[in-house]
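*Asks:* I have a structure here, written as structure tokens, and I will follow up with some questions on it.
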Amino acid sequence: GESATFHVQFTGSPVPAVKWFRYSFPVADSPDFRIVTTDTSSSLTIDKTCSDDSGVFTCLLENIVGASKSSSNLNVMEAGANYVMQTSTKTKRTLKEMIVVAGDSIRFDI
């Protein structure tokens with residue numbers, strides 16, 4: 001019955017589009033899953049967790065330069081009358097191929 005929040009911070013130019021997934025299914029802002037996104041962060045909150053909320057939650061950030069995703073595995077287990085939550089996180093970035101002209105400025109953030 002406790003809340004669980006996944007939070008990511010980012011920078012990107014142009015500002016990336018943010019999408020949340022549970023397994024491979026899109027998660028939309030709803031009473032069950034509260035999503036708050038700004039130009040530099042996004043969070044997904046489950047207000048009252050139960051064992052059915054266990055799963056892999058992924059935040060995908062995407063713009064014309066590339067994509068980055070961070071996935072967390074949420075385990076909600078019953079421990080008597082209480083629930084115990086455990087998470088583990090993995091992050092992956094991919095860059096898109098771009099053509100630049102000699103003399104153009106480019107920046108790589110790793």
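Ligands are numbered from 1 in the order shown, residues from 1 within each chain, and chains are lettered A, B, ... in the order they appear in the structure tokens.
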I'd like the neighbourhood of A:Ser54 as a PDB file with N, CA, C and O atoms, in the first residue's frame, where a residue qualifies if any of its atoms comes within 7 Å (using only C-alpha atoms), though same-chain residues fewer than 5 positions away should be ignored.
*Replies:*
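Once written, result-v5.pdb looks like this:
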```
ATOM      1  N   LEU A  74      10.639  -3.381 -10.594  1.00  0.00           N
ATOM      2  CA  LEU A  74       9.989  -3.201  -9.297  1.00  0.00           C
ATOM      3  C   LEU A  74       9.417  -4.530  -8.839  1.00  0.00           C
ATOM      4  O   LEU A  74       8.631  -5.149  -9.555  1.00  0.00           O
ATOM      5  N   ASN A  75       9.831  -4.964  -7.673  1.00  0.00           N
ATOM      6  CA  ASN A  75       9.284  -6.176  -7.060  1.00  0.00           C
ATOM      7  C   ASN A  75       8.528  -5.764  -5.810  1.00  0.00           C
ATOM      8  O   ASN A  75       9.115  -5.199  -4.888  1.00  0.00           O
ATOM      9  N   VAL A  76       7.233  -6.034  -5.786  1.00  0.00           N
ATOM     10  CA  VAL A  76       6.416  -5.762  -4.606  1.00  0.00           C
ATOM     11  C   VAL A  76       5.992  -7.126  -4.070  1.00  0.00           C
ATOM     12  O   VAL A  76       5.279  -7.865  -4.726  1.00  0.00           O
TER      13      VAL A  76
END
```
*Asks:* Any idea what's packed within 6 Å of stretch 10-17 of chain A, counting only C-alpha atoms, ignoring anything in its chain fewer than 5 positions away? Could you give it as a PDB file with N, CA and C atoms, in the first residue's frame?
*Replies:*
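Wrote result_38.pdb, looks like this:
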```pdb
ATOM      1  N   THR A  40      13.357  19.076 -17.938  1.00  0.00           N
ATOM      2  CA  THR A  40      14.595  18.464 -17.442  1.00  0.00           C
ATOM      3  C   THR A  40      14.380  17.234 -16.555  1.00  0.00           C
ATOM      4  N   SER A  41      13.128  16.838 -16.323  1.00  0.00           N
ATOM      5  CA  SER A  41      12.892  15.662 -15.478  1.00  0.00           C
ATOM      6  C   SER A  41      11.517  15.061 -15.745  1.00  0.00           C
ATOM      7  N   LEU A  61      13.610   8.414 -23.482  1.00  0.00           N
ATOM      8  CA  LEU A  61      13.817   9.801 -23.885  1.00  0.00           C
ATOM      9  C   LEU A  61      14.301   9.773 -25.326  1.00  0.00           C
ATOM     10  N   GLU A  62      13.664  10.585 -26.191  1.00  0.00           N
ATOM     11  CA  GLU A  62      13.991  10.522 -27.612  1.00  0.00           C
ATOM     12  C   GLU A  62      13.920  11.900 -28.243  1.00  0.00           C
ATOM     13  N   ASN A  63      14.946  12.240 -29.031  1.00  0.00           N
ATOM     14  CA  ASN A  63      14.886  13.422 -29.889  1.00  0.00           C
ATOM     15  C   ASN A  63      15.615  13.092 -31.189  1.00  0.00           C
TER      16      ASN A  63
END
```
*Asks:* Within 10 Å of A:Tyr23, counting only C-alpha atoms, which residues qualify if same-chain residues fewer than 2 places away don't, as a list of chain:residue names?
*Replies:* A:Trp20, A:Phe21, A:Phe25, A:Pro26, A:Val27, A:Gly55, A:Val56, A:Phe57, A:Thr58, A:Ser71, A:Asn73
*Asks:* Based on the backbone DSSP call, show me all residues of stretch 16-89 of chain A assigned strand (DSSP E or B), as a short mmCIF file (atom, residue, chain, number, x, y, z; two decimals) with all heavy atoms, in the first residue's frame.
*Replies:*
```cif
data_model
loop_
_atom_site.label_atom_id
_atom_site.label_comp_id
_atom_site.auth_asym_id
_atom_site.auth_seq_id
_atom_site.Cartn_x
_atom_site.Cartn_y
_atom_site.Cartn_z
N ALA A 17 11.38 13.96 -26.16
CA ALA A 17 10.04 13.47 -25.82
C ALA A 17 10.22 12.38 -24.78
O ALA A 17 11.17 11.60 -24.82
CB ALA A 17 9.37 12.90 -27.07
N VAL A 18 9.31 12.33 -23.80
CA VAL A 18 9.39 11.37 -22.70
C VAL A 18 8.22 10.40 -22.79
O VAL A 18 7.07 10.82 -22.91
CB VAL A 18 9.37 12.09 -21.33
CG1 VAL A 18 9.44 11.08 -20.20
CG2 VAL A 18 10.49 13.10 -21.23
N LYS A 19 8.53 9.10 -22.75
CA LYS A 19 7.49 8.07 -22.76
C LYS A 19 7.80 7.06 -21.66
O LYS A 19 8.95 6.68 -21.47
CB LYS A 19 7.44 7.35 -24.11
CG LYS A 19 7.07 8.24 -25.26
CD LYS A 19 7.14 7.49 -26.57
CE LYS A 19 6.91 8.44 -27.73
NZ LYS A 19 7.19 7.80 -29.02
N TRP A 20 6.77 6.64 -20.94
CA TRP A 20 6.91 5.63 -19.89
C TRP A 20 6.25 4.33 -20.34
O TRP A 20 5.22 4.36 -21.01
CB TRP A 20 6.25 6.10 -18.59
CG TRP A 20 7.02 7.15 -17.88
CD1 TRP A 20 6.87 8.51 -17.97
CD2 TRP A 20 8.08 6.94 -16.94
NE1 TRP A 20 7.76 9.14 -17.16
CE2 TRP A 20 8.51 8.21 -16.50
CE3 TRP A 20 8.70 5.81 -16.41
CZ2 TRP A 20 9.54 8.37 -15.57
CZ3 TRP A 20 9.72 5.97 -15.49
CH2 TRP A 20 10.13 7.24 -15.08
N PHE A 21 6.85 3.20 -19.97
CA PHE A 21 6.33 1.88 -20.33
C PHE A 21 6.38 0.96 -19.10
O PHE A 21 7.24 1.10 -18.25
CB PHE A 21 7.18 1.23 -21.43
CG PHE A 21 7.19 1.99 -22.71
CD1 PHE A 21 8.11 3.01 -22.94
CD2 PHE A 21 6.27 1.71 -23.71
CE1 PHE A 21 8.13 3.72 -24.12
CE2 PHE A 21 6.27 2.42 -24.91
CZ PHE A 21 7.20 3.42 -25.11
N ARG A 22 5.43 0.05 -19.07
CA ARG A 22 5.48 -1.08 -18.13
C ARG A 22 5.58 -2.31 -19.01
O ARG A 22 4.68 -2.58 -19.81
CB ARG A 22 4.23 -1.15 -17.26
CG ARG A 22 4.30 -2.31 -16.28
CD ARG A 22 3.24 -2.18 -15.21
NE ARG A 22 3.34 -3.31 -14.30
CZ ARG A 22 2.34 -4.13 -14.05
NH1 ARG A 22 1.16 -3.94 -14.60
NH2 ARG A 22 2.52 -5.14 -13.23
N PHE A 25 4.38 -2.06 -22.74
CA PHE A 25 3.11 -1.35 -22.90
C PHE A 25 3.22 0.09 -22.41
O PHE A 25 3.73 0.33 -21.32
CB PHE A 25 1.99 -2.09 -22.14
CG PHE A 25 1.81 -3.50 -22.59
CD1 PHE A 25 2.34 -4.55 -21.85
CD2 PHE A 25 1.13 -3.80 -23.76
CE1 PHE A 25 2.19 -5.87 -22.25
CE2 PHE A 25 0.98 -5.12 -24.18
CZ PHE A 25 1.50 -6.15 -23.43
N PRO A 26 2.73 1.05 -23.21
CA PRO A 26 2.78 2.45 -22.79
C PRO A 26 1.98 2.68 -21.51
O PRO A 26 0.93 2.08 -21.30
CB PRO A 26 2.13 3.21 -23.95
CG PRO A 26 2.16 2.28 -25.12
CD PRO A 26 2.13 0.89 -24.54
N VAL A 27 2.51 3.54 -20.65
CA VAL A 27 1.83 3.94 -19.42
C VAL A 27 1.38 5.38 -19.60
O VAL A 27 2.19 6.25 -19.94
CB VAL A 27 2.76 3.83 -18.19
CG1 VAL A 27 2.08 4.37 -16.95
CG2 VAL A 27 3.21 2.40 -17.98
N PHE A 33 -1.38 5.62 -12.21
CA PHE A 33 0.00 5.95 -12.56
C PHE A 33 0.08 7.45 -12.83
O PHE A 33 -0.37 7.93 -13.86
CB PHE A 33 0.45 5.19 -13.81
CG PHE A 33 0.43 3.70 -13.64
CD1 PHE A 33 -0.61 2.95 -14.17
CD2 PHE A 33 1.45 3.04 -12.98
CE1 PHE A 33 -0.63 1.57 -14.02
CE2 PHE A 33 1.43 1.67 -12.83
CZ PHE A 33 0.39 0.93 -13.35
N ARG A 34 0.68 8.19 -11.89
CA ARG A 34 0.78 9.64 -12.01
C ARG A 34 2.11 10.01 -12.67
O ARG A 34 3.18 9.65 -12.17
CB ARG A 34 0.69 10.27 -10.62
CG ARG A 34 -0.04 11.56 -10.60
CD ARG A 34 -0.41 12.03 -9.19
NE ARG A 34 0.04 11.22 -8.08
CZ ARG A 34 1.08 11.53 -7.31
NH1 ARG A 34 1.77 12.61 -7.51
NH2 ARG A 34 1.41 10.72 -6.31
N ILE A 35 2.06 10.71 -13.80
CA ILE A 35 3.26 11.10 -14.54
C ILE A 35 3.36 12.62 -14.53
O ILE A 35 2.40 13.32 -14.88
CB ILE A 35 3.22 10.59 -15.99
CG1 ILE A 35 3.19 9.05 -16.00
CG2 ILE A 35 4.42 11.11 -16.78
CD1 ILE A 35 2.96 8.45 -17.37
N VAL A 36 4.55 13.12 -14.13
CA VAL A 36 4.82 14.56 -14.14
C VAL A 36 6.12 14.75 -14.91
O VAL A 36 7.14 14.18 -14.56
CB VAL A 36 4.96 15.12 -12.71
CG1 VAL A 36 5.32 16.60 -12.76
CG2 VAL A 36 3.67 14.90 -11.92
N THR A 37 6.07 15.58 -15.98
CA THR A 37 7.23 15.79 -16.83
C THR A 37 7.49 17.28 -17.02
O THR A 37 6.55 18.04 -17.25
CB THR A 37 7.03 15.11 -18.20
OG1 THR A 37 6.83 13.71 -17.99
CG2 THR A 37 8.22 15.31 -19.12
N SER A 41 13.13 16.84 -16.32
CA SER A 41 12.89 15.66 -15.48
C SER A 41 11.52 15.06 -15.74
O SER A 41 10.64 15.70 -16.33
CB SER A 41 13.01 16.01 -13.99
OG SER A 41 11.95 16.84 -13.60
N SER A 42 11.36 13.83 -15.30
CA SER A 42 10.07 13.16 -15.38
C SER A 42 9.97 12.16 -14.24
O SER A 42 10.98 11.57 -13.84
CB SER A 42 9.89 12.45 -16.72
OG SER A 42 8.58 11.92 -16.84
N SER A 43 8.77 11.99 -13.72
CA SER A 43 8.57 11.00 -12.66
C SER A 43 7.27 10.25 -12.90
O SER A 43 6.31 10.79 -13.44
CB SER A 43 8.58 11.65 -11.28
OG SER A 43 7.52 12.56 -11.16
N LEU A 44 7.30 8.99 -12.52
CA LEU A 44 6.12 8.12 -12.57
C LEU A 44 5.89 7.64 -11.14
O LEU A 44 6.79 7.05 -10.53
CB LEU A 44 6.37 6.93 -13.49
CG LEU A 44 5.38 5.78 -13.43
CD1 LEU A 44 4.00 6.21 -13.89
CD2 LEU A 44 5.86 4.62 -14.26
N THR A 45 4.70 7.89 -10.60
CA THR A 45 4.39 7.50 -9.23
C THR A 45 3.20 6.56 -9.21
O THR A 45 2.18 6.83 -9.85
CB THR A 45 4.07 8.74 -8.36
OG1 THR A 45 5.22 9.58 -8.35
CG2 THR A 45 3.74 8.34 -6.94
N ILE A 46 3.35 5.47 -8.49
CA ILE A 46 2.24 4.55 -8.19
C ILE A 46 1.88 4.84 -6.75
O ILE A 46 2.69 4.61 -5.85
CB ILE A 46 2.67 3.08 -8.37
CG1 ILE A 46 3.26 2.85 -9.75
CG2 ILE A 46 1.49 2.16 -8.12
CD1 ILE A 46 3.97 1.52 -9.89
N GLY A 55 6.95 -5.32 -11.84
CA GLY A 55 7.25 -5.36 -13.27
C GLY A 55 8.40 -4.45 -13.63
O GLY A 55 8.97 -3.77 -12.79
N VAL A 56 8.73 -4.43 -14.91
CA VAL A 56 9.80 -3.59 -15.43
C VAL A 56 9.19 -2.30 -15.96
O VAL A 56 8.36 -2.32 -16.86
CB VAL A 56 10.59 -4.31 -16.54
CG1 VAL A 56 11.65 -3.40 -17.12
CG2 VAL A 56 11.21 -5.59 -16.01
N PHE A 57 9.61 -1.18 -15.39
CA PHE A 57 9.16 0.14 -15.81
C PHE A 57 10.31 0.83 -16.54
O PHE A 57 11.45 0.82 -16.06
CB PHE A 57 8.71 0.97 -14.61
CG PHE A 57 7.44 0.48 -14.00
CD1 PHE A 57 7.44 -0.55 -13.07
CD2 PHE A 57 6.22 1.04 -14.37
CE1 PHE A 57 6.26 -1.02 -12.52
CE2 PHE A 57 5.03 0.58 -13.82
CZ PHE A 57 5.06 -0.45 -12.89
N THR A 58 10.02 1.41 -17.70
CA THR A 58 11.05 2.03 -18.54
C THR A 58 10.66 3.45 -18.89
O THR A 58 9.51 3.72 -19.25
CB THR A 58 11.24 1.22 -19.85
OG1 THR A 58 11.63 -0.10 -19.51
CG2 THR A 58 12.28 1.86 -20.75
N CYS A 59 11.64 4.35 -18.79
CA CYS A 59 11.46 5.72 -19.27
C CYS A 59 12.31 5.85 -20.53
O CYS A 59 13.52 5.61 -20.50
CB CYS A 59 11.92 6.73 -18.22
SG CYS A 59 11.71 8.43 -18.77
N LEU A 60 11.68 6.23 -21.64
CA LEU A 60 12.36 6.41 -22.92
C LEU A 60 12.41 7.90 -23.24
O LEU A 60 11.37 8.57 -23.25
CB LEU A 60 11.63 5.66 -24.02
CG LEU A 60 12.13 5.87 -25.45
CD1 LEU A 60 13.54 5.32 -25.62
CD2 LEU A 60 11.18 5.21 -26.45
N LEU A 61 13.61 8.41 -23.48
CA LEU A 61 13.82 9.80 -23.89
C LEU A 61 14.30 9.77 -25.33
O LEU A 61 15.24 9.04 -25.65
CB LEU A 61 14.88 10.47 -23.02
CG LEU A 61 14.67 10.38 -21.52
CD1 LEU A 61 15.91 10.85 -20.79
CD2 LEU A 61 13.47 11.22 -21.11
N GLU A 62 13.66 10.59 -26.19
CA GLU A 62 13.99 10.52 -27.61
C GLU A 62 13.92 11.90 -28.24
O GLU A 62 12.97 12.64 -28.01
CB GLU A 62 12.98 9.60 -28.30
CG GLU A 62 13.55 8.65 -29.27
CD GLU A 62 12.51 7.65 -29.77
OE1 GLU A 62 11.32 7.76 -29.46
OE2 GLU A 62 12.93 6.76 -30.50
N ASN A 63 14.95 12.24 -29.03
CA ASN A 63 14.89 13.42 -29.89
C ASN A 63 15.61 13.09 -31.19
O ASN A 63 16.00 11.94 -31.40
CB ASN A 63 15.43 14.68 -29.19
CG ASN A 63 16.91 14.61 -28.87
OD1 ASN A 63 17.63 13.74 -29.37
ND2 ASN A 63 17.37 15.52 -28.03
N GLY A 66 19.13 11.25 -30.78
CA GLY A 66 19.24 9.87 -30.31
C GLY A 66 18.21 9.55 -29.26
O GLY A 66 17.20 10.24 -29.12
N ALA A 67 18.50 8.51 -28.51
CA ALA A 67 17.55 8.04 -27.50
C ALA A 67 18.32 7.53 -26.29
O ALA A 67 19.47 7.11 -26.39
CB ALA A 67 16.68 6.93 -28.07
N SER A 68 17.67 7.58 -25.16
CA SER A 68 18.21 7.04 -23.93
C SER A 68 17.06 6.41 -23.17
O SER A 68 15.94 6.95 -23.17
CB SER A 68 18.86 8.14 -23.10
OG SER A 68 19.39 7.61 -21.91
N LYS A 69 17.31 5.26 -22.57
CA LYS A 69 16.25 4.65 -21.78
C LYS A 69 16.82 4.13 -20.48
O LYS A 69 17.97 3.71 -20.41
CB LYS A 69 15.51 3.56 -22.54
CG LYS A 69 16.28 2.30 -22.78
CD LYS A 69 15.40 1.28 -23.49
CE LYS A 69 16.17 0.00 -23.75
NZ LYS A 69 15.33 -1.00 -24.39
N SER A 70 16.00 4.19 -19.47
CA SER A 70 16.36 3.68 -18.16
C SER A 70 15.22 2.78 -17.70
O SER A 70 14.06 3.19 -17.72
CB SER A 70 16.56 4.84 -17.18
OG SER A 70 16.95 4.35 -15.93
N SER A 71 15.58 1.56 -17.32
CA SER A 71 14.57 0.59 -16.89
C SER A 71 14.82 0.18 -15.45
O SER A 71 15.97 -0.01 -15.05
CB SER A 71 14.61 -0.66 -17.78
OG SER A 71 14.29 -0.33 -19.10
N SER A 72 13.75 0.05 -14.71
CA SER A 72 13.83 -0.42 -13.32
C SER A 72 12.86 -1.57 -13.13
O SER A 72 11.73 -1.51 -13.59
CB SER A 72 13.47 0.70 -12.34
OG SER A 72 14.45 1.69 -12.35
N ASN A 73 13.33 -2.59 -12.44
CA ASN A 73 12.49 -3.74 -12.13
C ASN A 73 11.94 -3.54 -10.72
O ASN A 73 12.71 -3.50 -9.76
CB ASN A 73 13.29 -5.04 -12.22
CG ASN A 73 12.44 -6.25 -12.00
OD1 ASN A 73 11.23 -6.21 -12.21
ND2 ASN A 73 13.05 -7.33 -11.58
N LEU A 74 10.64 -3.38 -10.59
CA LEU A 74 9.99 -3.20 -9.30
C LEU A 74 9.42 -4.53 -8.84
O LEU A 74 8.63 -5.15 -9.55
CB LEU A 74 8.87 -2.16 -9.40
CG LEU A 74 8.02 -1.95 -8.15
CD1 LEU A 74 8.87 -1.35 -7.02
CD2 LEU A 74 6.83 -1.06 -8.45
N ASN A 75 9.83 -4.96 -7.67
CA ASN A 75 9.28 -6.18 -7.06
C ASN A 75 8.53 -5.76 -5.81
O ASN A 75 9.11 -5.20 -4.89
CB ASN A 75 10.39 -7.16 -6.68
CG ASN A 75 11.03 -7.79 -7.88
OD1 ASN A 75 10.35 -8.17 -8.82
ND2 ASN A 75 12.34 -7.90 -7.86
N VAL A 76 7.23 -6.03 -5.79
CA VAL A 76 6.42 -5.76 -4.61
C VAL A 76 5.99 -7.13 -4.07
O VAL A 76 5.28 -7.86 -4.73
CB VAL A 76 5.18 -4.91 -4.96
CG1 VAL A 76 4.37 -4.61 -3.70
CG2 VAL A 76 5.58 -3.61 -5.65
N MET A 77 6.48 -7.44 -2.87
CA MET A 77 6.22 -8.76 -2.28
C MET A 77 5.49 -8.61 -0.96
O MET A 77 5.77 -7.69 -0.19
CB MET A 77 7.54 -9.50 -2.05
CG MET A 77 8.33 -9.71 -3.33
SD MET A 77 9.99 -10.34 -3.00
CE MET A 77 10.75 -8.89 -2.29
N GLU A 78 4.58 -9.52 -0.71
CA GLU A 78 3.88 -9.53 0.58
C GLU A 78 4.80 -10.11 1.65
O GLU A 78 5.43 -11.13 1.43
CB GLU A 78 2.60 -10.35 0.50
CG GLU A 78 1.47 -9.64 -0.19
CD GLU A 78 0.16 -10.38 -0.05
OE1 GLU A 78 -0.23 -10.68 1.10
OE2 GLU A 78 -0.45 -10.67 -1.09
N ALA A 79 4.88 -9.41 2.78
CA ALA A 79 5.66 -9.89 3.92
C ALA A 79 4.73 -9.82 5.13
O ALA A 79 4.70 -8.85 5.85
CB ALA A 79 6.90 -9.03 4.13
N ASN A 82 2.45 -6.65 5.51
CA ASN A 82 3.11 -5.53 4.84
C ASN A 82 3.58 -5.93 3.45
O ASN A 82 3.66 -7.11 3.12
CB ASN A 82 4.32 -5.06 5.65
CG ASN A 82 3.92 -4.55 7.01
OD1 ASN A 82 2.92 -3.87 7.15
ND2 ASN A 82 4.72 -4.89 8.01
N TYR A 83 3.90 -4.92 2.65
CA TYR A 83 4.51 -5.14 1.34
C TYR A 83 5.94 -4.65 1.39
O TYR A 83 6.26 -3.63 1.99
CB TYR A 83 3.75 -4.38 0.24
CG TYR A 83 2.43 -5.00 -0.12
CD1 TYR A 83 1.25 -4.51 0.40
CD2 TYR A 83 2.38 -6.08 -1.00
CE1 TYR A 83 0.03 -5.09 0.07
CE2 TYR A 83 1.17 -6.66 -1.33
CZ TYR A 83 0.00 -6.16 -0.80
OH TYR A 83 -1.19 -6.73 -1.13
N VAL A 84 6.85 -5.39 0.73
CA VAL A 84 8.25 -5.01 0.65
C VAL A 84 8.56 -4.72 -0.82
O VAL A 84 8.20 -5.51 -1.69
CB VAL A 84 9.17 -6.14 1.16
CG1 VAL A 84 10.62 -5.77 1.00
CG2 VAL A 84 8.84 -6.47 2.60
N MET A 85 9.21 -3.56 -1.09
CA MET A 85 9.54 -3.20 -2.47
C MET A 85 11.03 -3.27 -2.68
O MET A 85 11.81 -2.86 -1.83
CB MET A 85 9.05 -1.78 -2.77
CG MET A 85 7.55 -1.66 -2.82
SD MET A 85 7.01 -0.02 -3.31
CE MET A 85 7.26 0.89 -1.80
N GLN A 86 11.44 -3.80 -3.85
CA GLN A 86 12.84 -3.86 -4.25
C GLN A 86 12.92 -3.40 -5.69
O GLN A 86 12.03 -3.70 -6.49
CB GLN A 86 13.40 -5.27 -4.16
CG GLN A 86 13.38 -5.86 -2.77
CD GLN A 86 13.82 -7.32 -2.79
OE1 GLN A 86 13.70 -8.00 -3.80
NE2 GLN A 86 14.33 -7.78 -1.66
N THR A 87 14.00 -2.66 -6.04
CA THR A 87 14.18 -2.25 -7.42
C THR A 87 15.63 -2.45 -7.85
O THR A 87 16.54 -2.47 -7.03
CB THR A 87 13.83 -0.75 -7.64
OG1 THR A 87 14.71 0.04 -6.86
CG2 THR A 87 12.40 -0.46 -7.31
N SER A 88 15.82 -2.61 -9.15
CA SER A 88 17.14 -2.60 -9.77
C SER A 88 17.00 -1.82 -11.07
O SER A 88 15.95 -1.88 -11.72
CB SER A 88 17.65 -4.02 -10.02
OG SER A 88 16.75 -4.70 -10.87
N THR A 89 18.04 -1.08 -11.46
CA THR A 89 17.94 -0.17 -12.60
C THR A 89 19.05 -0.43 -13.62
O THR A 89 20.17 -0.74 -13.25
CB THR A 89 18.03 1.30 -12.12
OG1 THR A 89 16.99 1.52 -11.17
CG2 THR A 89 17.87 2.27 -13.25
#
```
